[in-house]
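S.K.: File target-v2.cif follows (mmCIF, C-alpha atoms):
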```cif
data_input
#
loop_
_atom_site.label_atom_id
_atom_site.label_comp_id
_atom_site.auth_asym_id
_atom_site.auth_seq_id
_atom_site.Cartn_x
_atom_site.Cartn_y
_atom_site.Cartn_z
CA MET A 1 192.41 118.70 130.71
CA THR A 2 194.42 115.69 131.89
CA ARG A 3 194.73 112.54 129.81
CA LEU A 4 192.63 110.68 132.41
CA ALA A 5 189.82 113.24 132.14
CA VAL A 6 189.81 112.97 128.34
CA ARG A 7 189.46 109.21 128.58
CA TRP A 8 186.47 109.56 130.89
CA VAL A 9 184.77 112.00 128.51
CA VAL A 10 185.27 109.65 125.56
CA PHE A 11 183.98 106.69 127.60
CA LEU A 12 180.83 108.52 128.69
CA SER A 13 180.18 109.74 125.13
CA VAL A 14 180.33 106.17 123.85
CA LEU A 15 177.90 105.02 126.54
CA ALA A 16 175.53 107.81 125.65
CA ALA A 17 175.67 106.92 121.95
CA ILE A 18 174.97 103.28 122.72
CA GLY A 19 172.05 104.24 124.92
CA VAL A 20 170.49 106.50 122.29
CA ALA A 21 170.94 103.87 119.62
CA GLY A 22 169.38 101.24 121.86
CA TRP A 23 166.40 103.43 122.64
CA MET A 24 165.95 104.15 118.92
CA VAL A 25 165.92 100.44 118.15
CA TYR A 26 163.44 99.76 120.96
CA ASP A 27 161.28 102.67 119.89
CA ARG A 28 161.27 101.45 116.30
CA VAL A 29 160.12 97.97 117.35
CA LEU A 30 157.30 99.25 119.55
CA ASN A 31 156.14 102.17 117.43
CA LEU A 32 156.19 100.90 113.87
CA GLU A 33 153.80 102.35 111.37
CA VAL A 34 151.27 99.88 109.91
CA SER A 35 153.06 99.90 106.57
CA ASP A 36 156.27 98.68 108.28
CA LEU A 37 154.75 95.71 110.06
CA SER A 38 155.00 93.43 107.03
CA ASP A 39 158.79 93.76 107.37
CA LEU A 40 158.93 92.60 110.96
CA ASP A 41 160.12 89.12 111.67
CA SER A 42 158.17 86.81 113.93
CA ALA A 43 160.22 87.72 116.98
CA ALA A 44 159.47 91.41 116.59
CA ARG A 45 155.74 90.74 116.12
CA LYS A 46 155.72 88.59 119.24
CA ALA A 47 157.47 91.32 121.17
CA TYR A 48 154.85 93.86 120.11
CA LEU A 49 152.00 91.45 120.92
CA ASN A 50 153.46 90.64 124.34
CA THR A 51 153.79 94.33 125.13
CA HIS A 52 150.12 94.96 124.27
CA LYS A 53 148.71 91.59 125.28
CA SER A 54 146.04 93.03 127.54
CA ASP A 55 144.59 95.03 124.64
CA LEU A 56 143.77 91.86 122.73
CA ASP A 57 140.89 91.15 125.09
CA ARG A 58 139.79 94.73 125.77
CA PRO A 59 136.83 95.88 123.62
CA PRO A 60 137.23 99.36 122.14
CA GLY A 61 133.82 100.54 123.32
CA GLU A 62 130.56 99.80 125.11
CA ASP A 63 128.13 100.38 122.22
CA ASN A 64 126.58 97.03 121.27
CA THR A 65 124.90 98.38 118.13
CA PRO A 66 125.56 96.09 115.11
CA VAL A 67 127.88 97.68 112.56
CA ARG A 68 127.83 96.47 108.95
CA PHE A 69 131.40 96.03 107.75
CA VAL A 70 132.36 94.98 104.22
CA VAL A 71 135.79 93.66 103.25
CA ASN A 72 136.21 94.21 99.54
CA ALA A 73 138.11 91.82 97.33
CA GLY A 74 141.70 92.98 96.89
CA GLU A 75 141.79 95.14 100.02
CA THR A 76 145.07 95.07 101.96
CA GLY A 77 145.35 94.29 105.64
CA GLN A 78 146.38 97.87 106.27
CA GLN A 79 143.24 99.21 104.57
CA VAL A 80 141.04 96.87 106.59
CA ALA A 81 142.77 97.83 109.83
CA ASP A 82 142.44 101.53 109.04
CA ARG A 83 138.70 101.27 108.46
CA LEU A 84 138.16 99.15 111.55
CA TYR A 85 139.97 101.79 113.58
CA GLU A 86 138.00 104.67 112.03
CA LEU A 87 134.73 102.92 112.91
CA GLY A 88 135.86 102.41 116.49
CA LEU A 89 135.89 98.63 116.13
CA ILE A 90 139.55 98.19 117.20
CA ARG A 91 141.81 100.22 119.48
CA ASP A 92 145.13 99.68 117.75
CA ARG A 93 145.74 99.22 114.03
CA ARG A 94 149.30 98.02 114.60
CA LEU A 95 148.18 95.44 117.12
CA PHE A 96 145.47 94.16 114.77
CA ARG A 97 147.89 93.62 111.91
CA SER A 98 150.50 92.05 114.16
CA TYR A 99 147.95 89.65 115.62
CA VAL A 100 146.52 88.64 112.23
CA SER A 101 149.99 88.10 110.79
CA GLU A 102 151.41 86.20 113.76
CA GLU A 103 148.34 83.93 114.02
CA GLY A 104 148.45 83.21 110.28
CA LEU A 105 144.87 84.41 109.78
CA THR A 106 143.45 85.27 106.37
CA ILE A 107 140.82 87.97 106.16
CA GLU A 108 138.12 86.99 103.68
CA ALA A 109 136.21 89.35 101.42
CA GLY A 110 132.56 89.56 102.39
CA GLU A 111 130.05 91.26 104.62
CA TYR A 112 130.22 91.12 108.40
CA THR A 113 128.32 92.30 111.44
CA LEU A 114 130.65 93.70 114.11
CA ARG A 115 130.20 95.58 117.39
CA GLN A 116 132.35 97.85 119.51
CA THR A 117 131.90 95.43 122.37
CA MET A 118 133.87 92.75 120.51
CA THR A 119 137.51 92.18 121.43
CA LEU A 120 140.26 92.33 118.85
CA ARG A 121 140.53 88.55 118.93
CA GLU A 122 136.79 88.26 118.23
CA VAL A 123 136.94 90.76 115.39
CA ALA A 124 139.84 88.93 113.77
CA ALA A 125 138.09 85.56 114.16
CA THR A 126 134.86 86.92 112.67
CA LEU A 127 136.67 88.24 109.61
CA GLN A 128 137.66 84.69 108.67
CA HIS A 129 134.12 83.80 107.61
CA GLY A 130 132.67 86.31 105.17
CA GLN A 131 128.95 86.34 104.70
CA ALA A 132 127.76 86.26 101.09
CA SER A 133 127.05 89.72 99.74
CA GLU A 134 123.41 90.71 99.36
CA LEU A 135 121.48 90.90 96.12
CA LEU A 136 119.42 93.94 95.16
CA LEU A 137 116.17 93.27 93.33
CA THR A 138 113.92 96.15 92.26
CA ILE A 139 110.26 95.41 91.49
CA PRO A 140 108.59 98.41 89.78
CA GLU A 141 104.97 99.39 90.37
CA GLY A 142 102.29 98.03 88.06
CA LEU A 143 103.69 94.62 87.13
CA ARG A 144 101.42 91.61 87.07
CA LEU A 145 102.31 88.45 88.96
CA GLU A 146 103.98 86.72 86.00
CA GLU A 147 106.14 89.77 85.29
CA VAL A 148 107.33 89.86 88.90
CA ALA A 149 108.27 86.19 88.61
CA ASP A 150 110.08 86.84 85.32
CA LEU A 151 112.02 89.75 86.80
CA ALA A 152 112.97 87.90 89.98
CA ALA A 153 114.29 84.89 88.05
CA ARG A 154 115.83 86.86 85.17
CA GLY A 155 119.48 86.41 84.31
CA GLY A 156 120.41 84.66 87.52
CA ILE A 157 120.11 87.82 89.66
CA ALA A 158 118.87 85.57 92.42
CA PRO A 159 119.93 82.02 91.46
CA GLY A 160 117.72 80.40 94.08
CA ILE A 161 114.49 81.96 92.78
CA ASP A 162 112.67 79.78 90.29
CA ARG A 163 110.02 81.44 88.11
CA ASP A 164 107.57 78.54 88.09
CA GLU A 165 107.92 78.02 91.83
CA PHE A 166 107.29 81.72 92.41
CA ILE A 167 104.09 81.64 90.35
CA ALA A 168 102.91 78.43 92.03
CA LEU A 169 103.46 79.86 95.52
CA ALA A 170 101.81 83.18 94.61
CA THR A 171 98.85 81.28 93.15
CA THR A 172 98.19 78.53 95.68
CA GLY A 173 100.72 79.03 98.49
CA SER A 174 99.74 79.74 102.08
CA PHE A 175 101.13 82.82 103.84
CA ASP A 176 100.11 83.95 107.32
CA PHE A 177 99.16 87.62 107.01
CA GLY A 178 95.91 89.02 108.34
CA PHE A 179 95.36 91.40 105.41
CA LEU A 180 94.96 88.40 103.09
CA ALA A 181 91.88 87.19 104.95
CA ASP A 182 89.28 89.13 102.93
CA ARG A 183 90.39 87.76 99.57
CA PRO A 184 87.84 85.68 97.65
CA ALA A 185 88.30 81.93 97.59
CA ASN A 186 91.03 80.80 95.19
CA ALA A 187 92.42 84.34 94.89
CA THR A 188 96.13 84.65 94.12
CA LEU A 189 98.58 87.13 95.62
CA GLU A 190 98.12 89.45 92.64
CA GLY A 191 97.97 92.97 94.06
CA TYR A 192 99.86 92.18 97.26
CA LEU A 193 103.38 91.64 95.89
CA PHE A 194 104.52 95.04 97.06
CA PRO A 195 106.76 96.94 94.61
CA ASP A 196 110.07 98.04 96.12
CA THR A 197 113.82 97.37 96.12
CA TYR A 198 114.63 94.26 98.13
CA ARG A 199 117.94 93.23 99.68
CA LEU A 200 118.18 89.46 99.44
CA PRO A 201 120.76 86.92 100.54
CA GLN A 202 122.56 85.06 97.78
CA ASP A 203 120.59 81.91 98.53
CA ALA A 204 117.15 83.56 98.57
CA THR A 205 114.28 81.40 97.30
CA ALA A 206 110.92 82.24 95.76
CA ALA A 207 109.28 81.74 99.15
CA ASP A 208 111.79 84.12 100.77
CA LEU A 209 111.02 86.89 98.27
CA ILE A 210 107.24 86.49 98.54
CA GLN A 211 107.46 86.54 102.33
CA ARG A 212 109.46 89.78 102.20
CA MET A 213 107.05 91.38 99.73
CA LEU A 214 104.03 90.52 101.88
CA ALA A 215 105.81 91.71 105.03
CA ASN A 216 106.57 94.96 103.22
CA PHE A 217 102.90 95.35 102.27
CA ASP A 218 102.02 94.70 105.91
CA ALA A 219 104.41 97.46 107.02
CA LYS A 220 103.58 100.06 104.35
CA VAL A 221 99.78 99.70 104.28
CA SER A 222 99.16 100.94 107.80
CA ALA A 223 96.39 100.06 110.22
CA GLU A 224 94.88 103.49 109.58
CA MET A 225 94.82 102.83 105.86
CA ARG A 226 93.17 99.44 106.40
CA ALA A 227 90.51 101.12 108.53
CA GLN A 228 89.88 103.56 105.67
CA ALA A 229 89.58 100.64 103.29
CA VAL A 230 86.39 99.34 104.84
CA ALA A 231 84.58 102.68 104.39
CA PRO A 232 82.13 103.01 101.48
CA LEU A 233 83.78 102.56 98.09
CA ALA A 234 82.67 105.99 96.89
CA PRO A 235 83.63 109.65 97.36
CA ALA A 236 82.87 111.34 100.65
CA GLY A 237 79.25 112.32 100.99
CA SER A 238 77.92 109.91 98.36
CA ALA A 239 76.07 106.67 98.76
CA GLY A 240 78.02 103.46 98.68
CA GLU A 241 78.11 100.01 100.20
CA GLY A 242 80.87 98.83 102.47
CA ARG A 243 84.07 97.64 100.83
CA THR A 244 87.07 95.50 101.61
CA LEU A 245 90.80 96.02 101.41
CA TYR A 246 90.79 93.58 98.51
CA GLU A 247 88.43 95.83 96.53
CA VAL A 248 90.66 98.81 97.25
CA ILE A 249 93.65 96.88 95.90
CA VAL A 250 91.66 95.88 92.80
CA LEU A 251 90.86 99.51 92.00
CA ALA A 252 94.37 100.68 92.95
CA SER A 253 95.82 98.23 90.44
CA ILE A 254 93.76 99.85 87.67
CA VAL A 255 94.79 103.34 88.78
CA GLU A 256 98.43 102.20 88.78
CA ARG A 257 98.20 100.98 85.20
CA GLU A 258 96.30 104.06 83.96
CA ALA A 259 98.35 106.80 85.62
CA VAL A 260 101.64 107.74 83.99
CA LEU A 261 102.16 110.73 86.28
CA ALA A 262 102.02 110.06 90.01
CA GLU A 263 100.32 113.39 90.67
CA GLU A 264 97.33 112.32 88.57
CA GLN A 265 96.62 109.16 90.56
CA PRO A 266 94.13 110.80 92.98
CA THR A 267 92.24 112.39 90.06
CA ILE A 268 92.08 109.14 88.08
CA ALA A 269 90.92 107.36 91.23
CA SER A 270 88.16 109.96 91.60
CA VAL A 271 86.92 109.23 88.07
CA TYR A 272 86.53 105.52 88.75
CA LEU A 273 84.98 106.09 92.17
CA ASN A 274 82.48 108.53 90.66
CA ARG A 275 81.56 105.98 87.99
CA LEU A 276 81.16 103.20 90.55
CA ALA A 277 78.94 105.41 92.71
CA ALA A 278 76.77 106.25 89.68
CA GLY A 279 76.55 102.64 88.51
CA ILE A 280 78.50 103.37 85.31
CA LYS A 281 80.89 100.77 83.91
CA LEU A 282 84.55 101.59 84.51
CA ASP A 283 85.60 101.33 80.82
CA ALA A 284 89.24 100.82 81.79
CA ASP A 285 91.57 99.76 78.97
CA PRO A 286 94.12 98.03 81.24
CA THR A 287 91.50 95.51 82.35
CA ILE A 288 91.19 94.29 78.76
CA GLN A 289 94.96 94.20 78.42
CA TYR A 290 95.08 92.02 81.51
CA ALA A 291 92.54 89.64 80.00
CA LEU A 292 94.52 89.40 76.74
CA GLY A 293 98.00 89.31 78.27
CA ALA A 294 100.23 86.36 77.40
CA PRO A 295 103.92 85.45 77.72
CA GLY A 296 105.98 87.82 75.62
CA ASP A 297 103.34 90.55 75.69
CA TRP A 298 101.57 90.90 79.00
CA TRP A 299 100.11 94.32 78.11
CA PRO A 300 99.13 94.19 74.42
CA GLN A 301 97.86 97.20 72.50
CA ILE A 302 94.10 97.17 72.13
CA THR A 303 91.62 98.79 69.77
CA ALA A 304 87.98 99.83 70.08
CA ASP A 305 87.00 96.45 68.67
CA HIS A 306 88.33 94.77 71.81
CA TYR A 307 85.83 96.69 73.93
CA THR A 308 83.06 94.38 72.78
CA SER A 309 84.91 91.36 71.39
CA VAL A 310 86.83 90.31 74.50
CA ASP A 311 84.33 88.34 76.55
CA SER A 312 86.08 88.23 79.90
CA PRO A 313 84.93 89.17 83.40
CA TRP A 314 87.98 91.47 83.47
CA ASN A 315 86.58 93.48 80.52
CA THR A 316 85.13 96.51 82.30
CA TYR A 317 83.59 97.75 79.04
CA LEU A 318 81.26 94.74 79.10
CA TYR A 319 80.85 94.07 82.81
CA ALA A 320 79.89 96.63 85.44
CA GLY A 321 81.67 97.04 88.75
CA LEU A 322 85.16 95.95 89.66
CA PRO A 323 86.92 93.09 87.86
CA PRO A 324 87.27 89.81 89.79
CA SER A 325 90.84 90.49 90.91
CA PRO A 326 93.63 93.04 90.83
CA ILE A 327 95.25 93.33 87.41
CA ALA A 328 98.70 94.27 88.72
CA ASN A 329 100.61 95.02 91.90
CA PRO A 330 100.08 98.69 92.80
CA GLY A 331 102.48 100.88 94.71
CA LEU A 332 101.67 102.83 97.84
CA GLY A 333 100.76 105.97 95.88
CA ALA A 334 97.97 104.25 93.93
CA ILE A 335 96.57 102.65 97.10
CA GLN A 336 96.58 106.01 98.87
CA ALA A 337 94.89 107.60 95.84
CA VAL A 338 91.95 105.21 96.11
CA LEU A 339 91.69 105.81 99.86
CA ASN A 340 92.06 109.59 99.48
CA PRO A 341 90.84 110.51 95.99
CA ALA A 342 90.70 114.04 94.67
CA ASP A 343 87.30 115.71 95.01
CA THR A 344 86.30 116.11 91.36
CA PRO A 345 83.16 116.04 89.17
CA TYR A 346 84.96 113.97 86.52
CA PHE A 347 83.59 110.83 84.89
CA PHE A 348 85.88 110.65 81.85
CA PHE A 349 89.53 111.03 80.92
CA MET A 350 91.80 110.45 77.95
CA ARG A 351 95.44 111.01 77.05
CA ASP A 352 96.38 114.65 76.56
CA CYS A 353 97.46 114.60 72.92
CA GLU A 354 98.80 118.15 72.99
CA ARG A 355 101.14 117.84 75.94
CA ASP A 356 102.00 114.20 75.17
CA ASP A 357 103.78 113.81 78.51
CA GLY A 358 101.61 111.09 79.98
CA SER A 359 99.06 113.53 81.39
CA HIS A 360 95.33 113.30 80.74
CA LEU A 361 92.36 115.47 79.78
CA PHE A 362 89.50 115.10 82.26
CA ALA A 363 85.84 115.77 81.68
CA ALA A 364 82.71 115.92 83.82
CA THR A 365 80.25 115.19 81.00
CA GLN A 366 80.23 112.99 77.95
CA GLU A 367 79.92 116.08 75.76
CA GLU A 368 83.15 117.52 77.21
CA HIS A 369 84.83 114.17 76.76
CA LEU A 370 83.75 113.97 73.10
CA ASN A 371 85.06 117.49 72.54
CA ASN A 372 88.42 116.45 73.97
CA TYR A 373 88.38 113.38 71.74
CA ALA A 374 87.56 115.45 68.66
CA ARG A 375 90.31 117.93 69.45
CA CYS A 376 92.86 115.11 69.59
CA THR A 377 91.65 113.05 66.64
CA GLY A 378 90.32 115.79 64.40
CA GLN A 379 87.00 113.97 64.15
#
```
Kindly return the structure encoded in the file as structure tokens.

M.R.:
Amino acid sequence: MTRLAVRWVVFLSVLAAIGVAGWMVYDRVLNLEVSDLSDLDSAARKAYLNTHKSDLDRPPGEDNTPVRFVVNAGETGQQVADRLYELGLIRDRRLFRSYVSEEGLTIEAGEYTLRQTMTLREVAATLQHGQASELLLTIPEGLRLEEVADLAARGGIAPGIDRDEFIALATTGSFDFGFLADRPANATLEGYLFPDTYRLPQDATAADLIQRMLANFDAKVSAEMRAQAVAPLAPAGSAGEGRTLYEVIVLASIVEREAVLAEEQPTIASVYLNRLAAGIKLDADPTIQYALGAPGDWWPQITADHYTSVDSPWNTYLYAGLPPSPIANPGLGAIQAVLNPADTPYFFFMRDCERDDGSHLFAATQEEHLNNYARCTGQ
């Protein structure tokens, strides 16, 4: 090979090396992993943004369904970008991080509602204003109005809910729901504060919670159930006058307080319906507890002496028929039990002392009931 040829080979090799190196530099700028973006200077970020400028205003999809997206405290930009990408809310993780960094945006922890139809710019802008996280409040079945108020206002779970305001609104407040129309004059919302777990905004008030509880009752107690409610308040095939939804709720509240096991609710309901149909007093212990309840002990223990000594219209040992109002807020199961009771001959029940698991011994006659009582007490 001549000296001139050698020089040409060397020259071309140098050009090739420069070209490869240049391409590698270019490729590194345009194809950085997310973890490398924090090391880019402003010029490099701008170069990447300029190259993908059209993608900033191109939504990643056409589905307009709201997507709940939570940014947790302490999450990195990379983690946020990864999750946005996995949910189909952005097209390009690298572009998202470059844009946020170059624009000097700060992603705030909080809860957001996003859509695939939002552009990257819109997503980034939305993530600057976190919505306050929701509160979870669980109201168990069988609590009376005051207990619901205590629970809602307890320990600052929902700072905006005031106990006294809750009780005042549930006692004298006005709420526009058709199912409240058949309540007696001056009736409270006892019985209608539907037990459930509620998702509340941080700034929820007593009125907000009551509105949600009544709306939940409206949704759960169906039109078909309300139609059943106005049928005779007695088992199928027996005599009975017409009834109201309010009366169903009154009886359901007693069933809720009596039944420990959910599967016994229809049987307990049948006992009370049989007694009502026969004109026999209900003799329900929880009604006396309701009459005696006071702050600190809303459901006090009672004795046989209370059956005759507590002169209250809620004492179903002294007064026949239903008490004047619900004694608690029943769940859906207790309401359904009153509407669809078991078909039984029972008129009596007592705690099953042998099983001691919350179940009851049922009896059709007083003699059977006394035998059950003697077996448990030894008398």

S.K.: Taking the file as shown, what set of residues would the PyMOL selection byres ((chain A and resi 281) around 7) give back, as a PDB file with C-alpha atoms, in the coordinates of the input?

M.R.:
```
ATOM      1  CA  ARG A 275      81.560 105.980  87.990  1.00  0.00           C
ATOM      2  CA  GLY A 279      76.550 102.640  88.510  1.00  0.00           C
ATOM      3  CA  ILE A 280      78.500 103.370  85.310  1.00  0.00           C
ATOM      4  CA  LEU A 282      84.550 101.590  84.510  1.00  0.00           C
ATOM      5  CA  ASP A 283      85.600 101.330  80.820  1.00  0.00           C
ATOM      6  CA  THR A 316      85.130  96.510  82.300  1.00  0.00           C
ATOM      7  CA  TYR A 317      83.590  97.750  79.040  1.00  0.00           C
ATOM      8  CA  TYR A 319      80.850  94.070  82.810  1.00  0.00           C
ATOM      9  CA  ALA A 320      79.890  96.630  85.440  1.00  0.00           C
ATOM     10  CA  GLY A 321      81.670  97.040  88.750  1.00  0.00           C
TER      11      GLY A 321
END
```

S.K.: Excluding same-chain residues fewer than 4 positions from segment 189-205 of chain A, what lies within 9 Å of it counting only C-alpha atoms, as an NGL selection string?

M.R.: :A and (132-145 or 148 or 157-162 or 166 or 169-173 or 180 or 209-210 or 212-217 or 220 or 246 or 249-250 or 252-253 or 325-332)

S.K.: Mind writing the picked residues with C-alpha atoms as a PDB file, in the frame of the given file?

M.R.:
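Result saved to result_19.pdb:
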```pdb
ATOM      1  CA  ALA A 132     127.760  86.260 101.090  1.00  0.00           C
ATOM      2  CA  SER A 133     127.050  89.720  99.740  1.00  0.00           C
ATOM      3  CA  GLU A 134     123.410  90.710  99.360  1.00  0.00           C
ATOM      4  CA  LEU A 135     121.480  90.900  96.120  1.00  0.00           C
ATOM      5  CA  LEU A 136     119.420  93.940  95.160  1.00  0.00           C
ATOM      6  CA  LEU A 137     116.170  93.270  93.330  1.00  0.00           C
ATOM      7  CA  THR A 138     113.920  96.150  92.260  1.00  0.00           C
ATOM      8  CA  ILE A 139     110.260  95.410  91.490  1.00  0.00           C
ATOM      9  CA  PRO A 140     108.590  98.410  89.780  1.00  0.00           C
ATOM     10  CA  GLU A 141     104.970  99.390  90.370  1.00  0.00           C
ATOM     11  CA  GLY A 142     102.290  98.030  88.060  1.00  0.00           C
ATOM     12  CA  LEU A 143     103.690  94.620  87.130  1.00  0.00           C
ATOM     13  CA  ARG A 144     101.420  91.610  87.070  1.00  0.00           C
ATOM     14  CA  LEU A 145     102.310  88.450  88.960  1.00  0.00           C
ATOM     15  CA  VAL A 148     107.330  89.860  88.900  1.00  0.00           C
ATOM     16  CA  ILE A 157     120.110  87.820  89.660  1.00  0.00           C
ATOM     17  CA  ALA A 158     118.870  85.570  92.420  1.00  0.00           C
ATOM     18  CA  PRO A 159     119.930  82.020  91.460  1.00  0.00           C
ATOM     19  CA  GLY A 160     117.720  80.400  94.080  1.00  0.00           C
ATOM     20  CA  ILE A 161     114.490  81.960  92.780  1.00  0.00           C
ATOM     21  CA  ASP A 162     112.670  79.780  90.290  1.00  0.00           C
ATOM     22  CA  PHE A 166     107.290  81.720  92.410  1.00  0.00           C
ATOM     23  CA  LEU A 169     103.460  79.860  95.520  1.00  0.00           C
ATOM     24  CA  ALA A 170     101.810  83.180  94.610  1.00  0.00           C
ATOM     25  CA  THR A 171      98.850  81.280  93.150  1.00  0.00           C
ATOM     26  CA  THR A 172      98.190  78.530  95.680  1.00  0.00           C
ATOM     27  CA  GLY A 173     100.720  79.030  98.490  1.00  0.00           C
ATOM     28  CA  LEU A 180      94.960  88.400 103.090  1.00  0.00           C
ATOM     29  CA  LEU A 209     111.020  86.890  98.270  1.00  0.00           C
ATOM     30  CA  ILE A 210     107.240  86.490  98.540  1.00  0.00           C
ATOM     31  CA  ARG A 212     109.460  89.780 102.200  1.00  0.00           C
ATOM     32  CA  MET A 213     107.050  91.380  99.730  1.00  0.00           C
ATOM     33  CA  LEU A 214     104.030  90.520 101.880  1.00  0.00           C
ATOM     34  CA  ALA A 215     105.810  91.710 105.030  1.00  0.00           C
ATOM     35  CA  ASN A 216     106.570  94.960 103.220  1.00  0.00           C
ATOM     36  CA  PHE A 217     102.900  95.350 102.270  1.00  0.00           C
ATOM     37  CA  LYS A 220     103.580 100.060 104.350  1.00  0.00           C
ATOM     38  CA  TYR A 246      90.790  93.580  98.510  1.00  0.00           C
ATOM     39  CA  ILE A 249      93.650  96.880  95.900  1.00  0.00           C
ATOM     40  CA  VAL A 250      91.660  95.880  92.800  1.00  0.00           C
ATOM     41  CA  ALA A 252      94.370 100.680  92.950  1.00  0.00           C
ATOM     42  CA  SER A 253      95.820  98.230  90.440  1.00  0.00           C
ATOM     43  CA  SER A 325      90.840  90.490  90.910  1.00  0.00           C
ATOM     44  CA  PRO A 326      93.630  93.040  90.830  1.00  0.00           C
ATOM     45  CA  ILE A 327      95.250  93.330  87.410  1.00  0.00           C
ATOM     46  CA  ALA A 328      98.700  94.270  88.720  1.00  0.00           C
ATOM     47  CA  ASN A 329     100.610  95.020  91.900  1.00  0.00           C
ATOM     48  CA  PRO A 330     100.080  98.690  92.800  1.00  0.00           C
ATOM     49  CA  GLY A 331     102.480 100.880  94.710  1.00  0.00           C
ATOM     50  CA  LEU A 332     101.670 102.830  97.840  1.00  0.00           C
TER      51      LEU A 332
END
```

S.K.: Expanded to explicit residues, what is the PyMOL selection byres ((chain A and resi 106-108) around 12) for this file, as number ranges by chain?

M.R.: A: 69-81, 96-97, 99-105, 109-112, 123-132

S.K.: Taking C-alpha atoms for each residue, export the selection above as a PDB file, in the coordinates of the input.

M.R.:
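For reference, again23.pdb as written:
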```pdb
ATOM      1  CA  PHE A  69     131.400  96.030 107.750  1.00  0.00           C
ATOM      2  CA  VAL A  70     132.360  94.980 104.220  1.00  0.00           C
ATOM      3  CA  VAL A  71     135.790  93.660 103.250  1.00  0.00           C
ATOM      4  CA  ASN A  72     136.210  94.210  99.540  1.00  0.00           C
ATOM      5  CA  ALA A  73     138.110  91.820  97.330  1.00  0.00           C
ATOM      6  CA  GLY A  74     141.700  92.980  96.890  1.00  0.00           C
ATOM      7  CA  GLU A  75     141.790  95.140 100.020  1.00  0.00           C
ATOM      8  CA  THR A  76     145.070  95.070 101.960  1.00  0.00           C
ATOM      9  CA  GLY A  77     145.350  94.290 105.640  1.00  0.00           C
ATOM     10  CA  GLN A  78     146.380  97.870 106.270  1.00  0.00           C
ATOM     11  CA  GLN A  79     143.240  99.210 104.570  1.00  0.00           C
ATOM     12  CA  VAL A  80     141.040  96.870 106.590  1.00  0.00           C
ATOM     13  CA  ALA A  81     142.770  97.830 109.830  1.00  0.00           C
ATOM     14  CA  PHE A  96     145.470  94.160 114.770  1.00  0.00           C
ATOM     15  CA  ARG A  97     147.890  93.620 111.910  1.00  0.00           C
ATOM     16  CA  TYR A  99     147.950  89.650 115.620  1.00  0.00           C
ATOM     17  CA  VAL A 100     146.520  88.640 112.230  1.00  0.00           C
ATOM     18  CA  SER A 101     149.990  88.100 110.790  1.00  0.00           C
ATOM     19  CA  GLU A 102     151.410  86.200 113.760  1.00  0.00           C
ATOM     20  CA  GLU A 103     148.340  83.930 114.020  1.00  0.00           C
ATOM     21  CA  GLY A 104     148.450  83.210 110.280  1.00  0.00           C
ATOM     22  CA  LEU A 105     144.870  84.410 109.780  1.00  0.00           C
ATOM     23  CA  ALA A 109     136.210  89.350 101.420  1.00  0.00           C
ATOM     24  CA  GLY A 110     132.560  89.560 102.390  1.00  0.00           C
ATOM     25  CA  GLU A 111     130.050  91.260 104.620  1.00  0.00           C
ATOM     26  CA  TYR A 112     130.220  91.120 108.400  1.00  0.00           C
ATOM     27  CA  VAL A 123     136.940  90.760 115.390  1.00  0.00           C
ATOM     28  CA  ALA A 124     139.840  88.930 113.770  1.00  0.00           C
ATOM     29  CA  ALA A 125     138.090  85.560 114.160  1.00  0.00           C
ATOM     30  CA  THR A 126     134.860  86.920 112.670  1.00  0.00           C
ATOM     31  CA  LEU A 127     136.670  88.240 109.610  1.00  0.00           C
ATOM     32  CA  GLN A 128     137.660  84.690 108.670  1.00  0.00           C
ATOM     33  CA  HIS A 129     134.120  83.800 107.610  1.00  0.00           C
ATOM     34  CA  GLY A 130     132.670  86.310 105.170  1.00  0.00           C
ATOM     35  CA  GLN A 131     128.950  86.340 104.700  1.00  0.00           C
ATOM     36  CA  ALA A 132     127.760  86.260 101.090  1.00  0.00           C
TER      37      ALA A 132
END
```

S.K.: As a ChimeraX atom specification, please: the residues near segment 53-66 of chain A (cut-off 12 Å, all atoms listed in the file, same-chain neighbours under 5 positions excluded).

M.R.: /A:45-48,84-100,112-124

S.K.: Which one is closest to Asp176 of chain A: A:Asp218, A:Gln301, A:Glu256, A:Met225? Count all atoms listed in the file.

M.R.: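 Distance minimum relative to Asp176 of chain A lands on A:Asp218.
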
S.K.: By how many Å are atom CA of Ala364 of chain A and atom CA of Ala269 of chain A apart?

M.R.: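 For atom CA of Ala364 of chain A relative to atom CA of Ala269 of chain A, the distance reads 14.0 Å.
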
S.K.: To one decimal place in Å, what is the distance between atom CA of Ala149 of chain A and atom CA of Trp299 of chain A?

M.R.: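 Result for atom CA of Ala149 of chain A versus atom CA of Trp299 of chain A: 15.6 Å, one decimal.
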
S.K.: Atom CA of Ile335 of chain A and atom CA of Arg257 of chain A, how far apart in Å?

M.R.: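 Calculated distance between atom CA of Arg257 of chain A and atom CA of Ile335 of chain A is 12.1 Å.
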
S.K.: Could you check the closest approach to Pro184 of chain A for each of A:Val338, A:Leu151, A:Ala363, A:Leu245 and tell me which residue wins, using all atoms listed in the file?

M.R.: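 Among the listed residues, the smallest separation from Pro184 of chain A belongs to A:Leu245.
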
S.K.: May I have the residues within 8 Å of segment 258-264 of chain A as a ChimeraX atom specification, using all atoms listed in the file and disregarding those fewer than 2 positions away in the same chain?

M.R.: /A:254-256,266-268,286,333,358-359

S.K.: Since we have the selection now, will you write its residues out, keeping C-alpha atoms, as a short mmCIF file (atom, residue, chain, number, x, y, z; two decimals), in the frame of the given file?

M.R.:
```cif
data_model
loop_
_atom_site.label_atom_id
_atom_site.label_comp_id
_atom_site.auth_asym_id
_atom_site.auth_seq_id
_atom_site.Cartn_x
_atom_site.Cartn_y
_atom_site.Cartn_z
CA ILE A 254 93.76 99.85 87.67
CA VAL A 255 94.79 103.34 88.78
CA GLU A 256 98.43 102.20 88.78
CA PRO A 266 94.13 110.80 92.98
CA THR A 267 92.24 112.39 90.06
CA ILE A 268 92.08 109.14 88.08
CA PRO A 286 94.12 98.03 81.24
CA GLY A 333 100.76 105.97 95.88
CA GLY A 358 101.61 111.09 79.98
CA SER A 359 99.06 113.53 81.39
#
```
